[in-house]
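Shown next, in structure tokens, is the structure this report addresses.
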Amino acid sequence: MNQEKAPLVEGLLKHVNTEYSTFHVPGHQGGRNIDHLLRELLKDPFKIDLTELPNLDNLYEPRGIIYESQRLAAEIFGARETFFMVNGTTGGLLTMINTVCLPGDKIIIPRQSHQGVFGAIITSGAVPVYVSSPGKRVQEQKINNISLKGIEEALDNNPDAKALLLNNPTYFGFCSDLCGIRELTAKKGVFLLVDEAHGGHLSFHDSFPRGAAQAGADMWVQSTHKTLGSLTQSSMLHLGTEEIDRARLVNMARIFQTTSPSYILLASLDAARRKLALEGGGLMESLYRLAEKAREKVSDLGFSLLPLKKGELSLDITKMALFTHGFEESGRDIASMLQEKCRVQVELSAEDHILIYFTLGHREKDLEYLIESLGRIREKLNPKKIWPEEGGEEDYLFPLPPALLSPREAVNQPGERVPMAEAEGRISAETVSLFPPGIPLLVPGELITRELLDRLSKGERQAFPTQIKVIKKE
Ligand SMILES: Cc1ncc(COP(=O)(O)O)c(C=O)c1O
């Protein structure tokens, strides 16, 4: 092999030499909205790529500059205490769930939780109880967030549940009525934990839906890098109430994160907080107005959008899903056209939609370019002539497969890979998901049924693995 090559370095250099108009995470959009102190610091990243030197404090026993920085963050994020995370919200989810759940504890979670939640369930040994969003169609499950009624039922049916974890907002932007949900969990003495990976900005403008801080959640974790301008992989875990065992939380943060936290990432969290504290109100107002304007303009182009309110669900308009049902071309085709012909990159695309993210780094001229590009692509699209019949079996979710083992038991047993077609009656040792946004059809420990295999063989309109890891027979 040619050891002179540096494929990763060369690939990145090639990428940065092509100018793109970006509408995806991270929120700083190429460093556009970062605090000037961070810009100064990053002029020479090697100088600040340091270890825990005497004056530089320690992430897991902070007494100096990290302590002070976390306290400032807690104040503006409305937390009792804030913990900086250097392994993203994934690390935060592992820390948060392992703090409250012991093996065998029940935790209520949406079926379409992020894989980090399943990682935390496996490591903690907690037993998941699933709640689904309103609606029986796959499409509704994908888009909606959890309803108060769904939570009420789950809490009534599981009086021994230890915690409830919600995702707010979903990838599509829908937020649940967190304040109402908080009242329910408080009555039942169940911890409310929130995966706010995509919702760091919620508490900074009254027009955004209410977030975990306003609802008074026990703990919540935010990918500061996705929405608030810190560097990728840096997140914040916020502690809301004194009911949580703080010492255990610190221990878990230490277990699930590196012993060599990057000062570059930590400094970027401090700088993102400073920028928000000093300019957050104005920046969020501009972001909100930009997203509002974008909605008006893209509707005129013939793409459909999600409503701002759907019953008790409220939309975070910084996430703009454009549904492409009206055209012969798929969301993926449209995203490729945007990338190739206009150098516009979106957050994600799927069969029937593209998702555009607006962040604090976007300006009016970005929106103008986006609308102009969408307009150009729109002219090339072919309006749909024949609409697919709705209501086919594959449009509906089927009942959850029976869980014969907990996810932790399943992944810890000897497994083997078998062809998917021969897996009926076996117990899964892995997750099979519907992407995007990752609704698991099967999680470890669940029985592989005929119904599931039939559904997979019909393709669910996407490619599934032909093999699956199952638990070995005795
Ligand atoms: C809902 C949700 N939770 C958690 C995460 C993990 O966040 P991070 O990338 O900061 O680890 C993601 C990442 O996309 C996510 O979408």
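Residues in the structure tokens are named by chain (A, B, ... in the order shown) and by number from 1 within that chain; ligands are numbered from 1 in the order shown.
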Would you list the residues that come within 8 Å of ligand 1? Count only C-alpha atoms and all ligand atoms and give the answer as number ranges by chain.
A: 87-93, 113-117, 167-171, 195-198, 222-226, 232-235
Could you please write out, as a ChimeraX atom specification, every residue of stretch 51-175 of chain A that DSSP assigns to strand (DSSP E)?
/A:81-85,106-110,127-131,163-167,174-175
Please produce a file of the residues just selected, as a short mmCIF file (atom, residue, chain, number, x, y, z; two decimals), in the first residue's frame, where the atoms kept are N, CA and C atoms.
data_model
loop_
_atom_site.label_atom_id
_atom_site.label_comp_id
_atom_site.auth_asym_id
_atom_site.auth_seq_id
_atom_site.Cartn_x
_atom_site.Cartn_y
_atom_site.Cartn_z
N GLU A 81 -27.15 22.98 37.43
CA GLU A 81 -25.73 22.79 37.15
C GLU A 81 -25.57 22.30 35.71
N THR A 82 -24.48 22.67 35.08
CA THR A 82 -24.23 22.22 33.70
C THR A 82 -22.90 21.48 33.64
N PHE A 83 -22.89 20.40 32.86
CA PHE A 83 -21.67 19.60 32.70
C PHE A 83 -21.30 19.62 31.21
N PHE A 84 -20.07 20.01 30.93
CA PHE A 84 -19.63 20.02 29.53
C PHE A 84 -19.31 18.58 29.10
N MET A 85 -19.71 18.28 27.88
CA MET A 85 -19.55 16.92 27.34
C MET A 85 -18.66 16.97 26.11
N LYS A 106 -37.28 0.10 34.74
CA LYS A 106 -38.03 0.40 33.51
C LYS A 106 -37.84 1.85 33.11
N ILE A 107 -37.62 2.06 31.82
CA ILE A 107 -37.55 3.43 31.31
C ILE A 107 -38.48 3.54 30.10
N ILE A 108 -39.34 4.55 30.12
CA ILE A 108 -40.28 4.75 29.01
C ILE A 108 -39.57 5.63 27.97
N ILE A 109 -39.53 5.13 26.74
CA ILE A 109 -38.86 5.90 25.67
C ILE A 109 -39.67 5.80 24.37
N PRO A 110 -39.52 6.80 23.51
CA PRO A 110 -40.15 6.65 22.19
C PRO A 110 -39.45 5.53 21.43
N VAL A 127 -34.77 -1.62 31.25
CA VAL A 127 -35.70 -2.32 30.35
C VAL A 127 -36.60 -1.28 29.70
N PRO A 128 -36.56 -1.18 28.37
CA PRO A 128 -37.35 -0.14 27.71
C PRO A 128 -38.84 -0.49 27.61
N VAL A 129 -39.67 0.53 27.82
CA VAL A 129 -41.10 0.42 27.54
C VAL A 129 -41.34 1.47 26.46
N TYR A 130 -41.94 1.05 25.33
CA TYR A 130 -42.01 1.99 24.22
C TYR A 130 -43.31 2.78 24.19
N VAL A 131 -43.18 4.06 23.84
CA VAL A 131 -44.36 4.84 23.50
C VAL A 131 -44.23 5.23 22.03
N ALA A 163 -38.04 6.17 34.91
CA ALA A 163 -37.78 7.40 34.15
C ALA A 163 -38.54 7.39 32.83
N LEU A 164 -38.72 8.61 32.33
CA LEU A 164 -39.29 8.78 30.98
C LEU A 164 -38.29 9.62 30.21
N LEU A 165 -37.94 9.19 29.02
CA LEU A 165 -37.03 9.99 28.20
C LEU A 165 -37.73 10.39 26.92
N LEU A 166 -37.68 11.67 26.59
CA LEU A 166 -38.28 12.14 25.34
C LEU A 166 -37.25 12.81 24.47
N ASN A 167 -37.59 12.89 23.18
CA ASN A 167 -36.72 13.54 22.21
C ASN A 167 -37.41 14.83 21.79
N PHE A 174 -40.91 18.60 15.38
CA PHE A 174 -42.08 18.63 16.26
C PHE A 174 -41.69 18.45 17.73
N CYS A 175 -42.25 19.35 18.56
CA CYS A 175 -42.01 19.30 20.01
C CYS A 175 -43.29 18.86 20.70
#
So which residues touch A:Arg426 within 12 Å, counting only C-alpha atoms, skipping near sequence neighbours fewer than 3 positions away, as a CSV table (one decimal) with C-alpha atoms, in the first residue's frame?
chain,number,residue,atom,x,y,z
A,401,PRO,CA,-42.4,-7.8,18.0
A,402,PRO,CA,-42.5,-9.6,21.4
A,403,ALA,CA,-39.4,-8.8,23.5
A,404,LEU,CA,-38.1,-12.1,24.9
A,405,LEU,CA,-34.9,-10.7,26.3
A,410,ALA,CA,-29.5,-10.1,24.0
A,415,GLY,CA,-24.6,-14.6,18.4
A,416,GLU,CA,-24.3,-15.6,14.8
A,417,ARG,CA,-25.2,-14.0,11.4
A,418,VAL,CA,-27.9,-15.7,9.4
A,419,PRO,CA,-29.6,-14.8,6.1
A,420,MET,CA,-32.6,-12.5,6.9
A,421,ALA,CA,-34.9,-14.9,5.0
A,422,GLU,CA,-34.0,-17.7,7.4
A,423,ALA,CA,-34.3,-15.7,10.6
A,429,ALA,CA,-29.1,-9.5,18.6
A,430,GLU,CA,-29.1,-6.2,16.7
A,442,LEU,CA,-36.5,-4.5,15.6
A,444,PRO,CA,-32.0,-6.6,20.4
A,445,GLY,CA,-34.0,-9.2,22.3
A,446,GLU,CA,-37.0,-9.1,20.1
A,447,LEU,CA,-38.5,-12.1,18.2
A,448,ILE,CA,-38.1,-12.1,14.5
A,449,THR,CA,-41.6,-12.8,13.2
A,450,ARG,CA,-43.0,-13.8,9.8
A,452,LEU,CA,-41.6,-8.5,10.1
A,453,LEU,CA,-39.8,-10.6,7.4
A,468,ILE,CA,-29.0,-10.3,10.6
A,469,LYS,CA,-27.2,-11.1,13.8
A,470,VAL,CA,-29.3,-13.4,16.0
A,471,ILE,CA,-28.7,-15.2,19.3
A,472,LYS,CA,-27.0,-18.6,18.8
A,473,LYS,CA,-29.1,-21.7,19.4
A,474,GLU,CA,-28.0,-23.8,22.5
For stretch 181-184 of chain A, find every residue with an atom within 12 Å (counting only C-alpha atoms), except residues of its own chain fewer than 2 positions away, and show them as an MDAnalysis selection string.
chainID A and resid 146:156 159 163:166 175:179 186:194 210:219 312
Find, counting only C-alpha atoms, the residue in A:His362, A:Arg32, A:Arg80, A:Arg408 that gets nearest to A:Phe118.
A:Arg408
A:Asn98: which residues within 8 Å, counting only C-alpha atoms, same-chain residues fewer than 5 positions away excluded, as a ChimeraX atom specification?
/A:120-121,123-124,252
